[in-house]
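**Student:** Provided below: structure.tsv, containing TSV, C-alpha atoms.
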chain	number	residue	atom	x	y	z
A	1	MET	CA	0.00	0.00	0.00
A	2	SER	CA	1.21	3.54	-0.71
A	3	THR	CA	2.48	5.56	2.24
A	4	SER	CA	1.47	8.97	0.98
A	5	PRO	CA	1.08	11.72	3.58
A	6	VAL	CA	-2.42	12.18	5.04
A	7	ASN	CA	-3.40	14.94	7.47
A	8	ALA	CA	-6.59	13.66	9.12
A	9	TYR	CA	-7.28	13.54	12.83
A	10	GLY	CA	-10.35	12.43	14.67
A	11	ALA	CA	-11.64	14.15	17.77
A	12	ASN	CA	-10.39	11.27	19.98
A	13	ALA	CA	-7.26	10.45	17.98
A	14	PRO	CA	-3.88	10.90	19.74
A	15	PRO	CA	-1.71	13.72	18.41
A	16	ALA	CA	1.12	13.01	15.98
A	17	ALA	CA	4.67	13.25	17.26
A	18	ALA	CA	6.26	16.68	17.02
A	19	SER	CA	8.91	17.11	14.38
A	20	GLY	CA	12.47	17.34	15.58
A	21	GLY	CA	13.12	20.66	13.82
A	22	GLY	CA	10.50	23.32	14.40
A	23	GLY	CA	8.06	21.61	16.77
A	24	GLY	CA	5.34	21.47	14.11
A	25	MET	CA	3.06	18.51	13.48
A	26	GLN	CA	4.44	15.84	11.17
A	27	SER	CA	2.35	14.56	8.28
A	28	LEU	CA	0.85	11.13	8.74
A	29	THR	CA	1.63	8.34	6.34
A	30	THR	CA	-1.13	5.94	5.39
A	31	ALA	CA	0.28	3.34	7.82
A	32	ASP	CA	0.31	5.93	10.63
A	33	PHE	CA	-3.23	6.94	9.77
A	34	LEU	CA	-4.49	3.35	10.08
A	35	THR	CA	-2.57	2.82	13.32
A	36	LEU	CA	-4.07	5.94	14.90
A	37	MET	CA	-7.53	5.03	13.67
A	38	SER	CA	-7.25	1.57	15.22
A	39	ALA	CA	-6.00	3.08	18.48
A	40	GLN	CA	-8.88	5.54	18.39
A	41	LEU	CA	-11.42	2.71	18.13
A	42	ARG	CA	-9.76	0.67	20.89
A	43	ASN	CA	-9.43	3.56	23.33
A	44	GLN	CA	-12.60	5.52	22.69
A	45	ASP	CA	-14.61	6.64	25.71
A	46	PRO	CA	-17.68	4.41	26.01
A	47	LEU	CA	-19.58	7.45	27.29
A	48	ASN	CA	-18.40	9.55	24.35
A	49	PRO	CA	-17.82	7.18	21.39
A	50	THR	CA	-16.33	8.32	18.13
A	51	ASP	CA	-18.82	10.02	15.85
A	52	SER	CA	-19.56	7.61	13.00
A	53	ASN	CA	-19.81	10.51	10.54
A	54	GLN	CA	-16.34	11.67	11.53
A	55	PHE	CA	-15.04	8.13	11.16
A	56	LEU	CA	-16.49	7.87	7.64
A	57	ALA	CA	-15.04	11.29	6.76
A	58	GLN	CA	-11.58	10.08	7.80
A	59	LEU	CA	-11.95	6.97	5.64
A	60	ALA	CA	-13.11	9.08	2.70
A	61	GLN	CA	-10.07	11.36	3.06
A	62	LEU	CA	-7.72	8.39	3.14
A	63	SER	CA	-9.41	6.89	0.09
A	64	THR	CA	-9.24	10.20	-1.81
A	65	VAL	CA	-5.54	10.75	-1.14
A	66	SER	CA	-4.67	7.16	-2.03
A	67	GLY	CA	-6.74	7.40	-5.21
A	68	ILE	CA	-5.06	10.64	-6.30
A	69	ASN	CA	-1.60	9.19	-5.73
A	70	SER	CA	-2.52	6.08	-7.70
A	71	MET	CA	-3.95	8.18	-10.55
A	72	ASN	CA	-0.84	10.40	-10.67
A	73	SER	CA	1.38	7.35	-10.85
A	74	SER	CA	-0.74	5.84	-13.64
A	75	MET	CA	-0.76	9.08	-15.64
A	76	THR	CA	3.02	9.43	-15.33
A	77	SER	CA	3.52	5.88	-16.56
A	78	LEU	CA	1.10	6.47	-19.45
A	79	ALA	CA	2.85	9.70	-20.49
A	80	THR	CA	6.25	7.98	-20.41
A	81	SER	CA	4.93	5.10	-22.47
A	82	MET	CA	3.36	7.42	-25.05
A	83	LEU	CA	6.55	9.48	-25.36
A	84	SER	CA	8.64	6.36	-25.91
A	85	SER	CA	6.19	5.13	-28.54
A	86	GLN	CA	6.22	8.54	-30.26
A	87	ALA	CA	10.02	8.61	-30.30
A	88	LEU	CA	10.13	5.12	-31.80
A	89	SER	CA	7.64	6.07	-34.51
A	90	SER	CA	9.50	9.32	-35.25
A	91	ALA	CA	12.71	7.40	-35.86
A	92	THR	CA	11.21	6.24	-39.13
A	93	LEU	CA	11.44	9.87	-40.35
A	94	VAL	CA	15.25	9.72	-40.47
A	95	GLY	CA	16.26	10.12	-44.12
A	96	HIS	CA	13.02	11.90	-45.01
A	97	SER	CA	12.42	15.61	-45.59
A	98	ILE	CA	10.01	17.79	-43.63
A	99	LEU	CA	8.37	21.17	-44.10
A	100	THR	CA	8.03	23.59	-41.20
A	101	LYS	CA	7.25	27.27	-40.78
A	102	ALA	CA	10.61	29.07	-41.09
A	103	SER	CA	12.30	31.89	-42.96
A	104	ALA	CA	16.01	31.03	-42.63
A	105	ALA	CA	18.00	27.90	-43.39
A	106	ALA	CA	21.57	26.74	-43.82
A	107	TYR	CA	22.59	26.39	-47.47
A	108	ALA	CA	25.35	23.99	-48.53
A	109	SER	CA	26.85	23.93	-52.02
A	110	GLY	CA	25.06	21.46	-54.25
A	111	GLN	CA	22.07	21.17	-51.91
A	112	PRO	CA	19.22	23.52	-52.98
A	113	LEU	CA	17.36	25.53	-50.39
A	114	SER	CA	13.70	24.73	-50.95
A	115	GLY	CA	10.25	25.10	-49.49
A	116	VAL	CA	6.88	26.61	-50.27
A	117	VAL	CA	5.37	30.10	-50.30
A	118	GLN	CA	1.92	30.56	-48.78
A	119	VAL	CA	0.42	32.68	-51.56
A	120	PRO	CA	-2.70	34.66	-50.62
A	121	ALA	CA	-5.81	34.52	-52.80
A	122	GLY	CA	-6.02	37.16	-55.50
A	123	ALA	CA	-2.26	37.58	-55.91
A	124	SER	CA	-1.15	38.82	-59.33
A	125	SER	CA	2.58	38.27	-58.74
A	126	VAL	CA	4.94	36.83	-56.12
A	127	THR	CA	8.55	37.80	-55.45
A	128	LEU	CA	11.07	35.83	-53.41
A	129	THR	CA	14.05	37.68	-51.96
A	130	ILE	CA	17.01	35.75	-50.61
A	131	THR	CA	19.45	37.54	-48.31
A	132	ASP	CA	22.68	36.42	-46.66
A	133	ALA	CA	23.60	36.60	-42.97
A	134	SER	CA	24.62	40.27	-43.32
A	135	GLY	CA	21.26	41.21	-44.84
A	136	ALA	CA	22.59	41.72	-48.36
A	137	VAL	CA	20.28	40.61	-51.18
A	138	VAL	CA	21.85	37.79	-53.19
A	139	ARG	CA	18.88	36.77	-55.35
A	140	ARG	CA	15.42	37.97	-56.34
A	141	THR	CA	13.15	35.64	-58.26
A	142	SER	CA	9.50	35.30	-59.17
A	143	GLY	CA	7.15	32.63	-57.86
A	144	SER	CA	3.78	31.29	-58.88
A	145	PRO	CA	0.89	33.66	-58.03
A	146	ALA	CA	-1.61	30.80	-57.68
A	147	ALA	CA	-3.26	30.80	-54.26
A	148	GLY	CA	-2.07	28.22	-51.74
A	149	ASN	CA	1.27	26.59	-51.02
A	150	GLN	CA	3.50	27.06	-54.07
A	151	PRO	CA	6.90	25.30	-54.11
A	152	PHE	CA	10.20	27.06	-54.77
A	153	SER	CA	13.85	26.01	-54.91
A	154	TRP	CA	17.05	28.05	-54.88
A	155	ASP	CA	20.18	26.39	-56.27
A	156	GLY	CA	22.61	28.89	-54.78
A	157	THR	CA	22.97	31.08	-57.87
A	158	THR	CA	23.13	34.83	-57.18
A	159	ASP	CA	21.63	37.59	-59.34
A	160	SER	CA	25.05	38.01	-60.99
A	161	GLY	CA	25.19	34.33	-61.91
A	162	ALA	CA	27.90	33.51	-59.36
A	163	ALA	CA	27.66	30.67	-56.86
A	164	ALA	CA	26.74	31.79	-53.35
A	165	PRO	CA	28.97	30.49	-50.53
A	166	ALA	CA	27.66	28.07	-47.93
A	167	GLY	CA	25.94	29.78	-45.02
A	168	THR	CA	22.63	30.79	-43.53
A	169	TYR	CA	20.19	32.55	-45.86
A	170	THR	CA	16.80	34.15	-45.26
A	171	VAL	CA	13.87	33.79	-47.66
A	172	THR	CA	11.29	36.59	-47.75
A	173	ALA	CA	8.20	36.40	-49.96
A	174	THR	CA	5.85	39.21	-50.99
A	175	ALA	CA	2.72	39.16	-53.11
A	176	ILE	CA	0.87	41.87	-55.01
A	177	VAL	CA	-2.85	41.64	-54.20
A	178	ASN	CA	-5.18	44.23	-55.78
A	179	GLY	CA	-2.24	46.52	-56.31
A	180	THR	CA	-1.05	46.27	-52.71
A	181	THR	CA	2.13	44.53	-51.55
A	182	GLU	CA	1.53	41.90	-48.87
A	183	GLY	CA	3.88	39.60	-47.01
A	184	ALA	CA	3.56	35.88	-47.72
A	185	GLY	CA	4.54	33.17	-45.28
A	186	THR	CA	7.22	30.61	-46.06
A	187	LEU	CA	7.72	26.98	-45.13
A	188	LEU	CA	11.24	25.63	-45.53
A	189	ARG	CA	12.39	22.08	-46.10
A	190	GLY	CA	14.86	20.18	-43.97
A	191	SER	CA	16.23	16.64	-44.04
A	192	VAL	CA	15.90	14.59	-40.85
A	193	THR	CA	19.20	13.05	-39.73
A	194	SER	CA	18.29	11.99	-36.17
A	195	VAL	CA	15.59	12.11	-33.51
A	196	SER	CA	15.98	13.33	-29.92
A	197	LEU	CA	13.85	13.43	-26.78
A	198	ALA	CA	13.90	17.13	-25.87
A	199	GLY	CA	14.48	18.11	-22.25
A	200	GLY	CA	15.50	14.62	-21.17
A	201	GLY	CA	12.18	13.21	-22.29
A	202	SER	CA	9.95	15.92	-20.78
A	203	GLY	CA	9.88	18.24	-23.80
A	204	GLY	CA	8.59	15.90	-26.50
A	205	VAL	CA	10.25	14.62	-29.67
A	206	THR	CA	12.68	16.76	-31.68
A	207	LEU	CA	13.74	16.12	-35.27
A	208	ASN	CA	17.32	17.20	-36.03
A	209	THR	CA	18.02	18.70	-39.45
A	210	PRO	CA	21.25	20.24	-40.82
A	211	GLU	CA	19.31	22.97	-42.65
A	212	LEU	CA	16.91	24.14	-39.96
A	213	GLY	CA	18.42	22.79	-36.75
A	214	PRO	CA	16.21	20.99	-34.20
A	215	ILE	CA	12.51	21.04	-35.06
A	216	ALA	CA	9.74	19.96	-32.68
A	217	LEU	CA	7.67	17.14	-34.14
A	218	SER	CA	4.55	19.18	-33.43
A	219	ALA	CA	5.87	21.97	-35.70
A	220	VAL	CA	6.10	19.75	-38.80
A	221	THR	CA	3.46	20.58	-41.41
A	222	GLN	CA	4.44	18.08	-44.10
A	223	ILE	CA	6.63	15.01	-44.46
A	224	GLY	CA	8.27	14.44	-47.82
Once you've parsed the file, please lay out its structure as structure tokens.
**Tutor:**
Amino acid sequence: MSTSPVNAYGANAPPAAASGGGGGMQSLTTADFLTLMSAQLRNQDPLNPTDSNQFLAQLAQLSTVSGINSMNSSMTSLATSMLSSQALSSATLVGHSILTKASAAAYASGQPLSGVVQVPAGASSVTLTITDASGAVVRRTSGSPAAGNQPFSWDGTTDSGAAAPAGTYTVTATAIVNGTTEGAGTLLRGSVTSVSLAGGGSGGVTLNTPELGPIALSAVTQIG
């Protein structure tokens, strides 16, 4: 049986022993609670017996505390089991690509930086601007104006036709809607190389990608 602390005292129950530190009352364990309750029944005054309602209230309190402790233990075990199962399932994503909401990614020579632009309805044109870590524009290109998620890919070629060096680049998309320039969201693609349990298992599953860094499984919008 669990020995979780219970603070319940009947009118005729003997007091708990004082704590050695501050003289306060110590919490009763379940075993102590049952011992005191038995002593209470054995030593009750025949002329002033223990109130049956009080006795039932003490039993209800003991049952409630024990039930809560049991439920907490069960929920913890269930959460641990679900996390382990989720991590095992996520391991199958290694070697696959994912899409997640992002605007910057690491570019490596020979490995295109790709993703999708979330084009608003009614757009007449879409422009993608790619900037380096210093904020300098290295490439401007047009995208599809069709509404919805429209794919794009940058092969590392700058506006001058030169090859951009490896590094982190930011993708910004804008759309012209009814003559007005609007920002358009971007989703970038990353390749999953490993899976981790974030925060020692308490923070969920994280997918590790060389392009985007660690990405929470819950942040993935598409698996390629």
**Student:** Considering only C-alpha atoms, return as a list of chain:residue names whatever protein or nucleic-acid residues lie within 8 Å of A:Ala108, sequence-local ones (same chain, fewer than 5 positions apart) excluded.
**Tutor:**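 What passes the distance filter is A:Pro165, A:Ala166, A:Gly167.
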**Student:** Next, dump the selected residues to file, keeping only C-alpha atoms, as a PDB file, keeping the file's coordinate frame.
**Tutor:**
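Output below, filename out-v6.pdb:
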ATOM      1  CA  PRO A 165      28.970  30.490 -50.530  1.00  0.00           C
ATOM      2  CA  ALA A 166      27.660  28.070 -47.930  1.00  0.00           C
ATOM      3  CA  GLY A 167      25.940  29.780 -45.020  1.00  0.00           C
TER       4      GLY A 167
END
**Student:** Just give me the gap between atom CA of A:Val138 and atom CA of A:Ser191 in Å, one decimal is fine.
**Tutor:**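 Pair atom CA of A:Val138 / atom CA of A:Ser191 returns 23.7 Å.
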**Student:** Report, in Å to a single decimal, how far apart atom CA of A:Lys101 and atom CA of A:Ala173 are.
**Tutor:**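 The value is 13.0 Å.
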**Student:** If I take atom CA of A:Thr127 and atom CA of A:Leu113, how far is one from the other in Å, to one decimal?
**Tutor:** 15.9 Å
**Student:** Tell me which protein, DNA and RNA residues are within 8 Å of stretch 121-124 of chain A, counting all atoms listed in the file, leaving out same-chain ones fewer than 4 positions away, and put them as a ChimeraX atom specification.
**Tutor:** /A:145-148,175-178
**Student:** Write out as a list in words the residues lying within 8 Å of A:Gly110, counting all atoms listed in the file and excluding same-chain residues fewer than 2 positions away.
**Tutor:** Ala108, Pro112, Asp155 and Gly156 of chain A
**Student:** So that I can see what lies close to A:Glu211, please list as a list in words the residues with an atom at most 8 Å from it, counting only C-alpha atoms and leaving out residues fewer than 6 positions away in the same chain.
**Tutor:** Ala105, Ala106, Tyr107, Arg189, Gly190 and Ser191 of chain A
**Student:** Identify, on the basis of all atoms listed in the file, every residue whose closest approach to A:Val171 does not exceed 6 Å; exclude the query and any residue fewer than 5 positions from it along the same chain; express the result as a list in words.
**Tutor:**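 So the residues in contact are Ser103, Thr129 and Ile130 of chain A.
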**Student:** Could you write out the selected residues, including C-alpha atoms, as a compact mmCIF listing (two decimals), in the frame of the given file?
**Tutor:**
# COMPACT_ATOMS: atom_id res chain seq x y z
CA SER A 103 12.30 31.89 -42.96
CA THR A 129 14.05 37.68 -51.96
CA ILE A 130 17.01 35.75 -50.61
**Student:** May I ask which of the residues A:Leu207, A:Val116, A:Val126, A:Ala219 is the closest one to A:Leu188, counting all atoms listed in the file?
**Tutor:**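 Comparing A:Leu207, A:Val116, A:Val126, A:Ala219 against A:Leu188, the winner is A:Val116.
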**Student:** Edge lengths and centre in Å to one decimal, as AutoDock Vina command-line options, of the axis-aligned box that encloses all listed atoms of stretch 180-184 of chain A with 5 Å added on every side?
**Tutor:**
--center_x 1.4 --center_y 41.1 --center_z -49.9 --size_x 14.9 --size_y 20.4 --size_z 15.7
**Student:** Within 12 Å of (6.0, 16.2, -47.4), only C-alpha atoms: residues as an MDAnalysis selection string?
**Tutor:** chainID A and resid 93 96:100 115:116 149 151 187:192 220:224
